[in-house]
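What follows is my_file.cif (mmCIF, N, CA and C atoms).
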```
data_work
loop_
_atom_site.label_atom_id
_atom_site.label_comp_id
_atom_site.auth_asym_id
_atom_site.auth_seq_id
_atom_site.Cartn_x
_atom_site.Cartn_y
_atom_site.Cartn_z
N MET C 1 -5.93 23.88 108.71
CA MET C 1 -5.48 24.53 109.91
C MET C 1 -4.56 23.59 110.69
N GLU C 2 -3.40 24.08 111.02
CA GLU C 2 -2.40 23.29 111.72
C GLU C 2 -2.62 23.39 113.23
N LEU C 3 -2.64 22.24 113.90
CA LEU C 3 -2.81 22.22 115.35
C LEU C 3 -1.46 22.39 116.02
N TYR C 4 -1.45 23.14 117.09
CA TYR C 4 -0.24 23.35 117.86
C TYR C 4 -0.03 22.19 118.82
N GLU C 5 1.14 21.60 118.79
CA GLU C 5 1.47 20.56 119.74
C GLU C 5 2.60 21.06 120.63
N PRO C 6 2.39 21.07 121.93
CA PRO C 6 3.45 21.53 122.82
C PRO C 6 4.66 20.61 122.76
N THR C 7 5.82 21.18 123.00
CA THR C 7 7.06 20.40 123.02
C THR C 7 7.14 19.61 124.32
N PRO C 8 8.01 18.61 124.37
CA PRO C 8 8.18 17.86 125.62
C PRO C 8 8.54 18.75 126.81
N SER C 9 9.41 19.73 126.58
CA SER C 9 9.79 20.61 127.71
C SER C 9 8.63 21.49 128.14
N GLN C 10 7.77 21.90 127.22
CA GLN C 10 6.59 22.68 127.59
C GLN C 10 5.61 21.83 128.40
N ILE C 11 5.43 20.58 127.99
CA ILE C 11 4.57 19.68 128.75
C ILE C 11 5.15 19.48 130.14
N ARG C 12 6.45 19.25 130.21
CA ARG C 12 7.12 19.08 131.50
C ARG C 12 6.86 20.28 132.40
N MET C 13 7.07 21.48 131.88
CA MET C 13 6.90 22.69 132.70
C MET C 13 5.44 22.88 133.13
N ARG C 14 4.50 22.51 132.27
CA ARG C 14 3.09 22.62 132.63
C ARG C 14 2.81 21.80 133.90
N TYR C 15 3.33 20.57 133.93
CA TYR C 15 3.06 19.71 135.08
C TYR C 15 3.93 20.02 136.28
N VAL C 16 5.10 20.55 136.08
CA VAL C 16 5.90 21.03 137.21
C VAL C 16 5.17 22.19 137.89
N ARG C 17 4.59 23.09 137.09
CA ARG C 17 3.81 24.20 137.66
C ARG C 17 2.57 23.68 138.39
N GLU C 18 1.91 22.67 137.82
CA GLU C 18 0.76 22.07 138.51
C GLU C 18 1.20 21.46 139.84
N HIS C 19 2.35 20.84 139.85
CA HIS C 19 2.86 20.27 141.09
C HIS C 19 3.08 21.36 142.13
N GLU C 20 3.59 22.51 141.70
CA GLU C 20 3.79 23.62 142.63
C GLU C 20 2.45 24.06 143.24
N ARG C 21 1.42 24.15 142.40
CA ARG C 21 0.10 24.55 142.90
C ARG C 21 -0.46 23.48 143.85
N LEU C 22 -0.26 22.21 143.51
CA LEU C 22 -0.73 21.13 144.39
C LEU C 22 0.01 21.15 145.73
N ARG C 23 1.31 21.43 145.69
CA ARG C 23 2.08 21.53 146.95
C ARG C 23 1.55 22.68 147.80
N GLU C 24 1.26 23.81 147.17
CA GLU C 24 0.71 24.95 147.91
C GLU C 24 -0.62 24.59 148.54
N ALA C 25 -1.49 23.92 147.79
CA ALA C 25 -2.79 23.51 148.33
C ALA C 25 -2.62 22.51 149.47
N ALA C 26 -1.71 21.56 149.31
CA ALA C 26 -1.47 20.57 150.36
C ALA C 26 -0.89 21.23 151.61
N SER C 27 0.01 22.16 151.41
CA SER C 27 0.60 22.88 152.54
C SER C 27 -0.47 23.70 153.28
N GLY C 28 -1.34 24.34 152.51
CA GLY C 28 -2.44 25.10 153.13
C GLY C 28 -3.37 24.20 153.91
N LEU C 29 -3.62 23.02 153.39
CA LEU C 29 -4.47 22.05 154.09
C LEU C 29 -3.79 21.61 155.39
N ALA C 30 -2.49 21.34 155.33
CA ALA C 30 -1.77 20.94 156.54
C ALA C 30 -1.83 22.04 157.60
N GLU C 31 -1.68 23.29 157.19
CA GLU C 31 -1.80 24.41 158.14
C GLU C 31 -3.19 24.46 158.75
N GLN C 32 -4.20 24.24 157.94
CA GLN C 32 -5.58 24.26 158.43
C GLN C 32 -5.81 23.12 159.43
N VAL C 33 -5.26 21.94 159.13
CA VAL C 33 -5.40 20.80 160.03
C VAL C 33 -4.76 21.10 161.37
N ARG C 34 -3.56 21.67 161.33
CA ARG C 34 -2.85 21.98 162.57
C ARG C 34 -3.57 23.03 163.41
N ALA C 35 -4.38 23.85 162.76
CA ALA C 35 -5.05 24.94 163.46
C ALA C 35 -6.43 24.57 164.01
N CYS C 36 -6.89 23.34 163.76
CA CYS C 36 -8.24 23.00 164.21
C CYS C 36 -8.23 21.78 165.11
N ASP C 37 -9.33 21.57 165.78
CA ASP C 37 -9.55 20.36 166.56
C ASP C 37 -10.13 19.34 165.60
N CYS C 38 -9.31 18.38 165.22
CA CYS C 38 -9.74 17.44 164.18
C CYS C 38 -10.30 16.15 164.76
N SER C 39 -10.74 16.20 165.99
CA SER C 39 -11.40 15.02 166.53
C SER C 39 -12.74 14.82 165.84
N GLU C 40 -13.23 15.87 165.23
CA GLU C 40 -14.42 15.81 164.40
C GLU C 40 -14.06 16.39 163.05
N LEU C 41 -14.84 16.05 162.06
CA LEU C 41 -14.61 16.61 160.74
C LEU C 41 -15.35 17.93 160.65
N ARG C 42 -14.63 19.00 160.62
CA ARG C 42 -15.23 20.33 160.50
C ARG C 42 -15.53 20.61 159.03
N ALA C 43 -16.63 21.30 158.78
CA ALA C 43 -17.07 21.55 157.40
C ALA C 43 -15.99 22.24 156.56
N PRO C 44 -15.33 23.29 157.04
CA PRO C 44 -14.32 23.93 156.19
C PRO C 44 -13.14 22.99 155.88
N LEU C 45 -12.77 22.17 156.85
CA LEU C 45 -11.69 21.22 156.63
C LEU C 45 -12.12 20.17 155.62
N ALA C 46 -13.33 19.68 155.75
CA ALA C 46 -13.84 18.68 154.80
C ALA C 46 -13.85 19.26 153.39
N GLN C 47 -14.24 20.51 153.27
CA GLN C 47 -14.27 21.15 151.96
C GLN C 47 -12.86 21.29 151.40
N ALA C 48 -11.90 21.68 152.23
CA ALA C 48 -10.52 21.83 151.78
C ALA C 48 -9.94 20.49 151.34
N ILE C 49 -10.21 19.45 152.11
CA ILE C 49 -9.72 18.11 151.75
C ILE C 49 -10.36 17.66 150.44
N GLY C 50 -11.67 17.84 150.33
CA GLY C 50 -12.37 17.45 149.11
C GLY C 50 -11.85 18.19 147.89
N THR C 51 -11.56 19.47 148.05
CA THR C 51 -11.02 20.27 146.94
C THR C 51 -9.66 19.74 146.52
N LEU C 52 -8.79 19.45 147.50
CA LEU C 52 -7.47 18.92 147.17
C LEU C 52 -7.59 17.55 146.48
N LEU C 53 -8.46 16.70 146.99
CA LEU C 53 -8.64 15.39 146.37
C LEU C 53 -9.11 15.52 144.92
N GLU C 54 -10.03 16.44 144.67
CA GLU C 54 -10.52 16.65 143.30
C GLU C 54 -9.40 17.21 142.42
N GLN C 55 -8.60 18.14 142.95
CA GLN C 55 -7.48 18.68 142.18
C GLN C 55 -6.49 17.57 141.82
N LEU C 56 -6.21 16.70 142.77
CA LEU C 56 -5.29 15.58 142.51
C LEU C 56 -5.86 14.62 141.46
N ARG C 57 -7.13 14.30 141.58
CA ARG C 57 -7.76 13.39 140.62
C ARG C 57 -7.69 13.97 139.21
N ALA C 58 -8.06 15.23 139.08
CA ALA C 58 -8.03 15.88 137.76
C ALA C 58 -6.60 15.99 137.23
N HIS C 59 -5.66 16.27 138.11
CA HIS C 59 -4.25 16.36 137.72
C HIS C 59 -3.78 15.02 137.15
N LEU C 60 -4.10 13.93 137.84
CA LEU C 60 -3.69 12.60 137.38
C LEU C 60 -4.25 12.31 135.99
N GLU C 61 -5.49 12.66 135.76
CA GLU C 61 -6.10 12.42 134.45
C GLU C 61 -5.39 13.21 133.35
N ARG C 62 -5.16 14.50 133.62
CA ARG C 62 -4.48 15.34 132.62
C ARG C 62 -3.06 14.85 132.38
N GLU C 63 -2.36 14.54 133.46
CA GLU C 63 -0.98 14.11 133.34
C GLU C 63 -0.88 12.78 132.58
N ASP C 64 -1.77 11.85 132.90
CA ASP C 64 -1.78 10.57 132.18
C ASP C 64 -2.01 10.78 130.68
N ALA C 65 -2.97 11.62 130.34
CA ALA C 65 -3.29 11.86 128.94
C ALA C 65 -2.12 12.48 128.19
N ALA C 66 -1.37 13.35 128.84
CA ALA C 66 -0.26 14.02 128.18
C ALA C 66 1.03 13.19 128.22
N LEU C 67 1.32 12.60 129.37
CA LEU C 67 2.61 11.93 129.53
C LEU C 67 2.65 10.52 128.97
N GLY C 68 1.54 9.79 129.03
CA GLY C 68 1.54 8.42 128.53
C GLY C 68 2.05 8.32 127.10
N PRO C 69 1.40 9.01 126.17
CA PRO C 69 1.86 8.93 124.78
C PRO C 69 3.27 9.52 124.58
N LEU C 70 3.57 10.58 125.29
CA LEU C 70 4.87 11.22 125.14
C LEU C 70 5.99 10.31 125.64
N LEU C 71 5.83 9.77 126.84
CA LEU C 71 6.87 8.91 127.41
C LEU C 71 7.04 7.61 126.63
N SER C 72 5.96 7.09 126.07
CA SER C 72 6.06 5.80 125.37
C SER C 72 7.00 5.87 124.17
N ASP C 73 7.13 7.04 123.56
CA ASP C 73 7.96 7.18 122.36
C ASP C 73 9.21 8.03 122.58
N ILE C 74 9.47 8.45 123.79
CA ILE C 74 10.54 9.42 124.02
C ILE C 74 11.93 8.79 123.85
N ASP C 75 12.07 7.53 124.21
CA ASP C 75 13.36 6.84 124.06
C ASP C 75 13.13 5.33 124.12
N ALA C 76 14.19 4.58 124.11
CA ALA C 76 14.08 3.12 124.10
C ALA C 76 13.44 2.57 125.36
N TRP C 77 13.48 3.32 126.46
CA TRP C 77 12.91 2.87 127.73
C TRP C 77 11.48 3.37 127.91
N GLY C 78 10.93 3.98 126.88
CA GLY C 78 9.59 4.55 126.97
C GLY C 78 8.53 3.59 127.47
N PRO C 79 8.41 2.40 126.89
CA PRO C 79 7.38 1.48 127.36
C PRO C 79 7.53 1.12 128.85
N GLN C 80 8.76 0.96 129.30
CA GLN C 80 8.99 0.67 130.73
C GLN C 80 8.62 1.88 131.59
N ARG C 81 8.93 3.07 131.10
CA ARG C 81 8.56 4.29 131.84
C ARG C 81 7.04 4.38 131.99
N VAL C 82 6.33 4.09 130.91
CA VAL C 82 4.87 4.17 130.93
C VAL C 82 4.30 3.12 131.88
N GLU C 83 4.83 1.92 131.84
CA GLU C 83 4.33 0.87 132.74
C GLU C 83 4.58 1.25 134.19
N ARG C 84 5.75 1.80 134.49
CA ARG C 84 6.05 2.24 135.86
C ARG C 84 5.10 3.38 136.27
N MET C 85 4.84 4.30 135.33
CA MET C 85 3.92 5.39 135.62
C MET C 85 2.52 4.85 135.91
N ARG C 86 2.08 3.89 135.12
CA ARG C 86 0.74 3.30 135.33
C ARG C 86 0.65 2.61 136.68
N GLU C 87 1.70 1.91 137.08
CA GLU C 87 1.71 1.26 138.39
C GLU C 87 1.63 2.30 139.51
N HIS C 88 2.38 3.38 139.36
CA HIS C 88 2.30 4.45 140.37
C HIS C 88 0.90 5.08 140.38
N ARG C 89 0.29 5.20 139.22
CA ARG C 89 -1.06 5.78 139.17
C ARG C 89 -2.06 4.89 139.89
N ARG C 90 -1.91 3.58 139.76
CA ARG C 90 -2.80 2.67 140.49
C ARG C 90 -2.66 2.89 141.99
N ILE C 91 -1.44 3.04 142.45
CA ILE C 91 -1.19 3.30 143.87
C ILE C 91 -1.79 4.65 144.27
N GLU C 92 -1.57 5.67 143.46
CA GLU C 92 -2.10 7.00 143.76
C GLU C 92 -3.62 6.99 143.84
N ARG C 93 -4.25 6.35 142.88
CA ARG C 93 -5.71 6.31 142.87
C ARG C 93 -6.25 5.52 144.07
N THR C 94 -5.55 4.49 144.47
CA THR C 94 -5.94 3.74 145.68
C THR C 94 -5.85 4.64 146.90
N ARG C 95 -4.78 5.39 147.02
CA ARG C 95 -4.63 6.31 148.16
C ARG C 95 -5.72 7.37 148.17
N LEU C 96 -6.04 7.91 147.00
CA LEU C 96 -7.12 8.90 146.91
C LEU C 96 -8.44 8.29 147.35
N ALA C 97 -8.72 7.07 146.87
CA ALA C 97 -9.98 6.41 147.24
C ALA C 97 -10.02 6.15 148.74
N GLU C 98 -8.89 5.76 149.34
CA GLU C 98 -8.85 5.53 150.78
C GLU C 98 -9.16 6.81 151.55
N MET C 99 -8.61 7.94 151.10
CA MET C 99 -8.87 9.20 151.80
C MET C 99 -10.33 9.61 151.62
N ILE C 100 -10.88 9.40 150.45
CA ILE C 100 -12.30 9.72 150.23
C ILE C 100 -13.17 8.87 151.15
N GLU C 101 -12.85 7.59 151.25
CA GLU C 101 -13.59 6.71 152.14
C GLU C 101 -13.45 7.16 153.59
N ARG C 102 -12.27 7.56 153.96
CA ARG C 102 -12.02 8.04 155.34
C ARG C 102 -12.87 9.27 155.65
N LEU C 103 -13.04 10.13 154.67
CA LEU C 103 -13.85 11.33 154.88
C LEU C 103 -15.32 11.00 155.09
N ALA C 104 -15.75 9.89 154.53
CA ALA C 104 -17.16 9.50 154.66
C ALA C 104 -17.49 9.13 156.10
N GLU C 105 -16.52 8.60 156.84
CA GLU C 105 -16.73 8.21 158.22
C GLU C 105 -15.55 8.73 159.05
N PRO C 106 -15.53 10.02 159.34
CA PRO C 106 -14.33 10.64 159.93
C PRO C 106 -13.93 10.15 161.32
N LEU C 107 -14.82 9.58 162.07
CA LEU C 107 -14.46 9.18 163.43
C LEU C 107 -14.21 7.68 163.56
N ARG C 108 -14.23 6.99 162.46
CA ARG C 108 -14.12 5.54 162.50
C ARG C 108 -12.78 5.04 163.05
N GLU C 109 -11.67 5.66 162.67
CA GLU C 109 -10.36 5.16 163.05
C GLU C 109 -9.48 6.24 163.64
N GLY C 110 -9.87 6.83 164.70
CA GLY C 110 -9.01 7.81 165.35
C GLY C 110 -9.06 9.17 164.71
N PRO C 111 -8.16 10.05 165.15
CA PRO C 111 -8.19 11.44 164.70
C PRO C 111 -7.93 11.59 163.19
N LEU C 112 -8.73 12.40 162.58
CA LEU C 112 -8.59 12.66 161.16
C LEU C 112 -7.33 13.47 160.88
N GLY C 113 -7.00 14.40 161.77
CA GLY C 113 -5.88 15.30 161.53
C GLY C 113 -4.59 14.58 161.22
N ALA C 114 -4.26 13.57 162.02
CA ALA C 114 -3.01 12.83 161.80
C ALA C 114 -3.03 12.14 160.44
N GLN C 115 -4.17 11.59 160.05
CA GLN C 115 -4.26 10.94 158.74
C GLN C 115 -4.09 11.95 157.61
N VAL C 116 -4.68 13.11 157.77
CA VAL C 116 -4.56 14.13 156.72
C VAL C 116 -3.11 14.58 156.60
N LEU C 117 -2.44 14.76 157.73
CA LEU C 117 -1.03 15.18 157.68
C LEU C 117 -0.16 14.10 157.03
N ARG C 118 -0.43 12.84 157.30
CA ARG C 118 0.31 11.75 156.63
C ARG C 118 0.01 11.76 155.14
N PHE C 119 -1.26 12.01 154.78
CA PHE C 119 -1.64 12.05 153.38
C PHE C 119 -0.94 13.21 152.68
N VAL C 120 -0.87 14.37 153.31
CA VAL C 120 -0.18 15.52 152.73
C VAL C 120 1.30 15.19 152.53
N ALA C 121 1.93 14.56 153.52
CA ALA C 121 3.34 14.17 153.38
C ALA C 121 3.52 13.20 152.22
N TRP C 122 2.58 12.26 152.06
CA TRP C 122 2.64 11.33 150.95
C TRP C 122 2.50 12.07 149.62
N ILE C 123 1.58 13.03 149.54
CA ILE C 123 1.40 13.81 148.31
C ILE C 123 2.71 14.50 147.95
N GLU C 124 3.32 15.16 148.92
CA GLU C 124 4.56 15.88 148.65
C GLU C 124 5.67 14.94 148.17
N ALA C 125 5.79 13.78 148.81
CA ALA C 125 6.81 12.81 148.41
C ALA C 125 6.50 12.25 147.01
N ASP C 126 5.22 12.01 146.73
CA ASP C 126 4.85 11.46 145.43
C ASP C 126 5.09 12.47 144.31
N LEU C 127 4.80 13.74 144.55
CA LEU C 127 5.07 14.76 143.54
C LEU C 127 6.57 14.84 143.26
N ALA C 128 7.38 14.75 144.30
CA ALA C 128 8.84 14.78 144.12
C ALA C 128 9.30 13.57 143.30
N ARG C 129 8.72 12.39 143.59
CA ARG C 129 9.06 11.19 142.83
C ARG C 129 8.69 11.35 141.36
N GLU C 130 7.49 11.89 141.10
CA GLU C 130 7.07 12.11 139.71
C GLU C 130 8.05 13.02 138.99
N GLU C 131 8.49 14.06 139.67
CA GLU C 131 9.41 15.00 139.03
C GLU C 131 10.75 14.34 138.72
N ARG C 132 11.19 13.43 139.56
CA ARG C 132 12.45 12.72 139.31
C ARG C 132 12.29 11.69 138.19
N GLU C 133 11.17 11.00 138.15
CA GLU C 133 11.02 9.87 137.24
C GLU C 133 10.28 10.21 135.95
N GLU C 134 9.14 10.85 136.05
CA GLU C 134 8.29 11.08 134.88
C GLU C 134 8.49 12.44 134.26
N LEU C 135 8.92 13.41 135.05
CA LEU C 135 9.07 14.78 134.55
C LEU C 135 10.54 15.21 134.51
N ASP C 136 11.43 14.26 134.44
CA ASP C 136 12.86 14.53 134.41
C ASP C 136 13.21 15.35 133.17
N GLY C 137 13.91 16.45 133.36
CA GLY C 137 14.29 17.31 132.25
C GLY C 137 15.23 16.65 131.26
N ASP C 138 15.96 15.63 131.70
CA ASP C 138 16.84 14.91 130.78
C ASP C 138 16.04 13.97 129.89
N VAL C 139 14.84 13.61 130.31
CA VAL C 139 13.98 12.73 129.50
C VAL C 139 13.05 13.56 128.64
N LEU C 140 12.35 14.51 129.25
CA LEU C 140 11.39 15.34 128.51
C LEU C 140 12.10 16.59 127.98
N ARG C 141 12.91 16.38 126.98
CA ARG C 141 13.67 17.47 126.37
C ARG C 141 13.23 17.61 124.91
N ASP C 142 13.51 18.75 124.36
CA ASP C 142 13.10 19.02 122.99
C ASP C 142 14.10 18.53 121.96
N SER C 143 15.35 18.38 122.35
CA SER C 143 16.37 17.99 121.39
C SER C 143 16.45 16.46 121.28
N VAL C 144 16.82 16.02 120.13
CA VAL C 144 16.99 14.60 119.89
C VAL C 144 18.43 14.23 120.22
N VAL C 145 18.60 13.13 120.92
CA VAL C 145 19.93 12.64 121.24
C VAL C 145 20.31 11.58 120.22
N VAL C 146 21.43 11.76 119.57
CA VAL C 146 21.90 10.80 118.59
C VAL C 146 22.92 9.91 119.28
N ASP C 147 22.74 8.59 119.15
CA ASP C 147 23.61 7.67 119.86
C ASP C 147 24.87 7.33 119.10
N GLY C 148 24.96 7.69 117.86
CA GLY C 148 26.18 7.45 117.07
C GLY C 148 26.24 6.05 116.47
N LEU C 149 25.24 5.23 116.73
CA LEU C 149 25.27 3.85 116.21
C LEU C 149 24.75 3.74 114.78
N ASP C 150 24.05 4.78 114.33
CA ASP C 150 23.42 4.71 113.02
C ASP C 150 24.29 5.31 111.90
N GLY C 151 25.47 5.66 112.18
CA GLY C 151 26.29 6.15 111.08
C GLY C 151 27.11 7.32 111.38
#
```
As structure tokens, what does this structure read like?
Amino acid sequence: MELYEPTPSQIRMRYVREHERLREAASGLAEQVRACDCSELRAPLAQAIGTLLEQLRAHLEREDAALGPLLSDIDAWGPQRVERMREHRRIERTRLAEMIERLAEPLREGPLGAQVLRFVAWIEADLAREEREELDGDVLRDSVVVDGLDG
């Protein structure tokens, strides 16, 4: 039985669509934050934040599993792309851990709402960066580029 392997462009589109869903969730969270008094952590807000954090964590795991091997062999710069992706993942996971810690003690450092809005802005900027660097359509393409040096 032959296993189906998605093409690079199919993998790219899968994660671009996931990014769209994550942006929608982050935008919904930002709207919820703006609509509440966030001097305290309200249960529905905490649940929404926790859901988004879990979605982001799971997304990173899936994306790493799919993109790491693909990017490493995609072109001559593959190993550098993978190393850059891993460094960004370390930063992303640190930010996620910081937000999880912040949720554990919501009143420790000022209003939660402002922190959540900054976190949402960071998520949106980071997704855009991923799309430019790791999910670039010129990199994750199905066709092979011949450089003309081999004959």
Using only C-alpha atoms, which residue out of C:Ala121, C:Leu67, C:Leu56, C:Ile100 lies closest to His19 in chain C?
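Answer, going by the shortest atom-to-atom distance: C:Leu56.
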What is the atom C of Arg89 in chain C-CA of Arg62 in chain C distance in Å, reported with one decimal?
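These two atoms are separated by 13.0 Å.
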Distance of CA of Trp122 in chain C from atom C of Gly68 in chain C, expressed in Å to one decimal place
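These atoms are spaced 24.0 Å apart.
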Between C:Glu124, C:Glu133, C:Asp138, C:Glu61, smallest distance to Val82 in chain C by only C-alpha atoms belongs to C:Glu133
Secondary structure check, alpha helix (DSSP H) residues of chain C, as an NGL selection string:
:C and (8-34 or 43-74 or 78-104 or 112-133)
Proximity check range 51-144 of chain C to range 14-18 of chain C, 8 Å, nearest pairs one decimal Å, all atoms listed in the file, as a Markdown table:
```
| residue | atom | partner | partner_atom | distance |
| --- | --- | --- | --- | --- |
| C:His59 | CA | C:Glu18 | CA | 7.6 |
| C:Glu63 | CA | C:Tyr15 | CA | 7.1 |
| C:Glu131 | CA | C:Val16 | CA | 7.2 |
| C:Leu135 | CA | C:Val16 | N | 7.2 |
```
Might I get the box with edges along x, y and z of the file that holds all atoms of range 6-23 of chain C listed there, padded by 4 Å on every side, given as centre and edge lengths in Å to one decimal, as lines of an AutoDock Vina configuration file?
```
center_x = 4.5
center_y = 21.2
center_z = 134.9
size_x = 18.5
size_y = 14.7
size_z = 33.9
```
Using all atoms listed in the file, which residues sit within 8 Å of Ala30 in chain C once same-chain residues fewer than 3 positions away are excluded, as a ChimeraX atom specification?
/C:24-27,33-35,116-117,120-121
Select, from C:Leu140, C:Leu52, C:Leu127, C:Ile91, the residue with the minimum atom-to-atom distance to Leu70 in chain C, counting only N, CA and C atoms.
C:Leu140
Between CA of Pro69 in chain C and CA of Pro8 in chain C, what is the distance in Å, rounded to a tenth?
11.0 Å
